[in-house]
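In what follows, a single structure is set out as structure tokens and then discussed.
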Amino acid sequence: MIPDKTNCLILAEVLARQGVRRCVVSPGSRNAPLILAFDACPDIELTVVADERSAAFIALGMSQVSRRPVALVCTSGSAPLNYAPALAEALYQGIPLIAISADRPLQWIDQDDSQTIHQAGVLDNLVKRSFDIPDVKMPGEEHLWYANRVANEACLTAISGKPGPVHINVQLHAPLTNEGTALPSQRIVENIEPEGMVSKETILQLAREVADTRILVVGGFCPPDDRLNRALSIFSQLPNVFILHETLANLHLPDGQTPVDTLLCSLSESDKEDLRPDIAISFGGALVSRFVKQYLRSYPPRLGHWAIGPNDRIADCFQSLTKRITAPAAPFFRRLRGVLGKFVNQSSYRQEWISASERAANLHARYLRNIPWSDMKGLEIVFRKLPGSLNLQLSNGTPVRYAQLLQQHAPHASFCNRGVSGIDGCTSTSVGAALAYPGMTLLITGDLSFSYDLSALAFKGIPQRLRIIVVNNSGGAIFRFVATTASLPDDLREKYFCTDPRLDLTKLTDAFGMEYLYADNESSLIKALERLFSPSDGCILLEMKTDPLISASILKNYFSTLKNRE
């Protein structure tokens with residue numbers, strides 16, 4: 001006889017041998033055999049998080065930083081539905097999460113049995129693929145073979161091509177025990193995935209196409225990659241090449257660069273036409289900057305747009321895509337540079353962009369010198385004082401957009417949930433990221449985003465190396481800036497959109513055993529940052545209090561000043 005819960009043991013062992021080293025589990029009865037099976041794997045470290053939504057974002061942060069697959073285990077019913085926001089983010093960020101849900105047997109669905117919904121395939125639109133392990137007896141050894149095959153296939157799907165999440169639904173009938181049995185060593189399917197290198201002939205052909213053209217490289221979000229950074233550092237020295245990269249592209253190029261939003265906002269219409277590229281070459285994920293997207297849609301590259309990197313979809317963000325090259329970006333740019341360097345090019349394109357960048361940097365510095373205490377003033381100080389070895393997590397809304405303007409001294413790495421750009425889960429993601437990174441992790445978040453994910457603070461294992469800055473500007477500051485809502489009457493905007501969460505962070509930090517700091521002017525912020533970035537035996541939270549209307553006015557004036565070149 002095959003023990004009833006052998007499929008749980010098989011699943012745990014296969015994932016461990018395929019490289020899974022972390023598993024985030026949420027308590028439940030139906031998933032007890034799965035939790036016990038993963039607990040029996042010495043190579044997998046378990047983290048217990050009661051809230052499934054927070055658990056999924058913590059796993060996202062772990063995988064975001066480690067670049068390894070992370071497993072999730074939850075019980076049946078509504079539990080797997082709480083995974084949806086994080087799995088959507090993982091799908092568009094290309095992060096390999098393996099979500100495993102326990103389920104009732106098929107015959108008990110729609111029979112008024114407790115905690116039953118149609119779980120198989122419930123997350124289909126948010127994952128690369130869904131798998132279902134039924135609770136049936138198959139003849140001979142087929143049950144063992146099927147569970148092994150699904151486990152291998154699910155893990156390889158998550159990590160192959162463009163990585164992404166998968167969902168494994170495991171039907172389990174009562175009694176919910178995990179009978180011990182000596183399983184044979186599991187068969188592991190090895191995936192040999194070539195690097196997808198472009199042939200020498202194709203590289204030569206592409207180089208000939210762009211040898212005498214003006215090339216604008218655009219970098220969206222991607223994890224830190226030393227090889228890509230080296231390749232682009234060399235590629236960027238070509239006289240006909242300029243690189244626009246966002247904070248989340250995690251590039252540290254030798255020349256540095258004025259932030260993209262500052263640079264593009266400072267250009268006149270004639271500048272934009274003069275700097276219009278012949279070819280745009282993009283890499284990485286979705287862009288934060290609306291200025292980059294607007295520029296290349298309004299002034300499309302004359303000869304088209306090439307998108308570099310693995311992708312299962314045609315992503316035509318600039319509406320001018322002509323080539324999708326599914327090779328890894330680092331070797332592509334390295335090899336293209338090697339061939340382009342043989343062509344003589346007297347272009348001044350790079351220098352024209354550098355001159356525009358220097359003008360924008362001067363306007364930027366002049367404006368910041370004279371502004372009063374506000375979101376922009378406080379965050380400019382924060383970004384200037386970031387330790388170089390720090391990992392930065394940014395919440396969606398205003399923090400990531402301020403980083404686009406102010407983060408000129410790049411930390412070790414910067415992350416934000418920009419796959420689908422939700423405000424939920426930013427704190428939980430940071431907790432997971434801090435668990436996976438041995439150095440300090442700093443989350444910069446708004447008070448509204450922070451209030452949306454308070455369950456992250458209930459996690460007992462928050463690392464002492466996590467730091468949090470909450471910009472308390474009385475709710476969603478972005479709604480006081482974007483045209484859609486900024487023009488509404490104050491009472492309507494504040495009531496229905498900004499929605500001040502009225503957080504008492506002194507009581508919250510006391511309840512969760514965190515050290516609390518406060519700043520409401522430049523001098524108190526500088527003093528607080530000294531403590532925030534110092535060693536500590538616990539997590540530290542800094543509340544940065546600003547006036548919402550002054551902050552919104554200063555941000556609006558910033559862009560108008562750059563446009564008018566005052």
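All residue names refer to the structure tokens as shown: chains lettered A, B, ... in order, residues numbered from 1 in each chain, ligands numbered from 1 in order.
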Task: Contact residues around Gln18 in chain A with only C-alpha atoms at 10 Å, ignoring same-chain residues under 6 positions, as a count of residues only - done: 11
- [ ] Mind listing the alpha helix (DSSP H) residues of range 473-526 of chain A, per DSSP on the backbone, as a ChimeraX atom specification?
- [x] /A:483-486,490-493,505-511,522-526
Take the residues just selected and output them with N, CA and C atoms as a PDB file, in the first residue's frame.
ATOM      1  N   ALA A 483      -2.760  65.035 -11.697  1.00  0.00           N
ATOM      2  CA  ALA A 483      -3.785  65.981 -12.161  1.00  0.00           C
ATOM      3  C   ALA A 483      -5.202  65.473 -11.915  1.00  0.00           C
ATOM      4  N   THR A 484      -5.410  64.175 -12.013  1.00  0.00           N
ATOM      5  CA  THR A 484      -6.756  63.611 -11.894  1.00  0.00           C
ATOM      6  C   THR A 484      -7.420  63.988 -10.580  1.00  0.00           C
ATOM      7  N   THR A 485      -6.649  63.954  -9.499  1.00  0.00           N
ATOM      8  CA  THR A 485      -7.221  64.187  -8.169  1.00  0.00           C
ATOM      9  C   THR A 485      -6.758  65.497  -7.529  1.00  0.00           C
ATOM     10  N   ALA A 486      -5.622  66.029  -7.968  1.00  0.00           N
ATOM     11  CA  ALA A 486      -5.093  67.253  -7.338  1.00  0.00           C
ATOM     12  C   ALA A 486      -6.036  68.430  -7.504  1.00  0.00           C
ATOM     13  N   ASP A 490     -10.571  70.351  -1.829  1.00  0.00           N
ATOM     14  CA  ASP A 490      -9.746  69.760  -0.770  1.00  0.00           C
ATOM     15  C   ASP A 490     -10.501  68.724   0.048  1.00  0.00           C
ATOM     16  N   ASP A 491     -11.764  69.030   0.416  1.00  0.00           N
ATOM     17  CA  ASP A 491     -12.487  68.104   1.286  1.00  0.00           C
ATOM     18  C   ASP A 491     -12.765  66.776   0.601  1.00  0.00           C
ATOM     19  N   LEU A 492     -13.089  66.808  -0.695  1.00  0.00           N
ATOM     20  CA  LEU A 492     -13.341  65.558  -1.423  1.00  0.00           C
ATOM     21  C   LEU A 492     -12.053  64.761  -1.608  1.00  0.00           C
ATOM     22  N   ARG A 493     -10.984  65.462  -2.007  1.00  0.00           N
ATOM     23  CA  ARG A 493      -9.704  64.768  -2.227  1.00  0.00           C
ATOM     24  C   ARG A 493      -9.215  64.104  -0.951  1.00  0.00           C
ATOM     25  N   LEU A 505       2.278  55.855  15.472  1.00  0.00           N
ATOM     26  CA  LEU A 505       3.433  54.966  15.315  1.00  0.00           C
ATOM     27  C   LEU A 505       4.169  54.733  16.624  1.00  0.00           C
ATOM     28  N   THR A 506       4.003  55.621  17.587  1.00  0.00           N
ATOM     29  CA  THR A 506       4.635  55.374  18.898  1.00  0.00           C
ATOM     30  C   THR A 506       4.023  54.149  19.549  1.00  0.00           C
ATOM     31  N   LYS A 507       2.709  54.023  19.485  1.00  0.00           N
ATOM     32  CA  LYS A 507       2.044  52.865  20.085  1.00  0.00           C
ATOM     33  C   LYS A 507       2.299  51.593  19.277  1.00  0.00           C
ATOM     34  N   LEU A 508       2.314  51.737  17.953  1.00  0.00           N
ATOM     35  CA  LEU A 508       2.563  50.564  17.108  1.00  0.00           C
ATOM     36  C   LEU A 508       3.950  49.975  17.357  1.00  0.00           C
ATOM     37  N   THR A 509       4.951  50.833  17.360  1.00  0.00           N
ATOM     38  CA  THR A 509       6.316  50.330  17.567  1.00  0.00           C
ATOM     39  C   THR A 509       6.476  49.747  18.963  1.00  0.00           C
ATOM     40  N   ASP A 510       5.814  50.349  19.947  1.00  0.00           N
ATOM     41  CA  ASP A 510       5.876  49.808  21.303  1.00  0.00           C
ATOM     42  C   ASP A 510       5.217  48.435  21.361  1.00  0.00           C
ATOM     43  N   ALA A 511       4.088  48.272  20.666  1.00  0.00           N
ATOM     44  CA  ALA A 511       3.370  46.997  20.675  1.00  0.00           C
ATOM     45  C   ALA A 511       4.184  45.882  20.024  1.00  0.00           C
ATOM     46  N   GLU A 522      15.001  69.415   9.481  1.00  0.00           N
ATOM     47  CA  GLU A 522      16.278  68.918   8.960  1.00  0.00           C
ATOM     48  C   GLU A 522      17.215  68.445  10.066  1.00  0.00           C
ATOM     49  N   SER A 523      17.362  69.230  11.109  1.00  0.00           N
ATOM     50  CA  SER A 523      18.315  68.868  12.159  1.00  0.00           C
ATOM     51  C   SER A 523      17.898  67.595  12.880  1.00  0.00           C
ATOM     52  N   SER A 524      16.598  67.437  13.181  1.00  0.00           N
ATOM     53  CA  SER A 524      16.154  66.221  13.870  1.00  0.00           C
ATOM     54  C   SER A 524      16.273  64.999  12.953  1.00  0.00           C
ATOM     55  N   LEU A 525      16.104  65.207  11.644  1.00  0.00           N
ATOM     56  CA  LEU A 525      16.259  64.085  10.704  1.00  0.00           C
ATOM     57  C   LEU A 525      17.714  63.631  10.652  1.00  0.00           C
ATOM     58  N   ILE A 526      18.645  64.565  10.540  1.00  0.00           N
ATOM     59  CA  ILE A 526      20.072  64.197  10.466  1.00  0.00           C
ATOM     60  C   ILE A 526      20.487  63.433  11.718  1.00  0.00           C
TER      61      ILE A 526
END
- [ ] Would you list the contacts of range 366-378 of chain A as an MDAnalysis selection string, taking every protein, DNA or RNA residue within 10 Å and counting only C-alpha atoms, but skipping same-chain residues closer than 6 positions in sequence?
- [x] chainID A and resid 360 398:399 402:403 405:406 471:473 477 519:522 525:526 544:555 557:558 561:562 566
Open item on the list: Let me make sure I understand: among A:Leu72, A:Val65, A:Ile423, A:Leu340, which one has the smallest atom-to-atom distance to His167 in chain A if we use only C-alpha atoms?
Closed with: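 Nearest candidate to His167 in chain A out of A:Leu72, A:Val65, A:Ile423, A:Leu340: A:Leu72.
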- [ ] Find, counting only C-alpha atoms, the residue in A:Cys426, A:Leu390, A:Ile168, A:Cys317 that gets nearest to Ala413 in chain A.
- [x] A:Leu390
Open item on the list: Please determine, counting only C-alpha atoms, which residue among A:Asn311, A:Thr445, A:Gln93, A:Ser357 has the shortest atom-to-atom distance to Gln64 in chain A.
Closed with: A:Gln93
Task: Residue among A:Ala102, A:Ala330, A:Leu532, A:Leu34 lying closest to Met197 in chain A, counting only C-alpha atoms - done: A:Ala330
Task: Exercise: Ala158 in chain A partners within 9 Å, only C-alpha atoms, chain neighbours under 3 positions left out, as a PyMOL selection string - done: chain A and resi 69+95-98+128-129+153-155+161-166
Open item on the list: When you look at Ala356 in chain A with a cut-off of 10 Å (counting only C-alpha atoms), what residues show up, excluding the ones that are within fewer than 4 positions of it in the same chain? I need them as a PyMOL selection string.
Closed with: chain A and resi 258+263-264+266-267+271+275+351-352+360-361
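Neighbours of Arg208 in chain A closer than or equal to 9 Å, with only C-alpha atoms counted and sequence neighbours fewer than 4 positions away skipped, come out as Ile203, Leu204, Asp212, Val339, Leu340 and Phe343 of chain A.
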Take the selection from the previous step and output its residues with N, CA and C atoms, as an mmCIF file, in the first residue's frame.
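This went into again_7.cif:
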data_model
loop_
_atom_site.group_PDB
_atom_site.id
_atom_site.type_symbol
_atom_site.label_atom_id
_atom_site.label_comp_id
_atom_site.auth_asym_id
_atom_site.auth_seq_id
_atom_site.Cartn_x
_atom_site.Cartn_y
_atom_site.Cartn_z
ATOM 1 N N ILE A 203 24.896 38.962 -34.621
ATOM 2 C CA ILE A 203 25.485 40.125 -33.953
ATOM 3 C C ILE A 203 26.128 41.053 -34.978
ATOM 4 N N LEU A 204 26.829 40.484 -35.934
ATOM 5 C CA LEU A 204 27.473 41.291 -36.969
ATOM 6 C C LEU A 204 26.425 42.031 -37.789
ATOM 7 N N ASP A 212 26.075 53.419 -37.604
ATOM 8 C CA ASP A 212 26.077 54.866 -37.844
ATOM 9 C C ASP A 212 24.791 55.519 -37.338
ATOM 10 N N VAL A 339 31.744 44.282 -31.517
ATOM 11 C CA VAL A 339 31.691 44.463 -32.976
ATOM 12 C C VAL A 339 31.578 45.943 -33.323
ATOM 13 N N LEU A 340 30.737 46.695 -32.589
ATOM 14 C CA LEU A 340 30.563 48.119 -32.900
ATOM 15 C C LEU A 340 31.854 48.903 -32.743
ATOM 16 N N PHE A 343 33.828 49.753 -35.827
ATOM 17 C CA PHE A 343 33.357 50.736 -36.798
ATOM 18 C C PHE A 343 33.762 52.144 -36.340
#
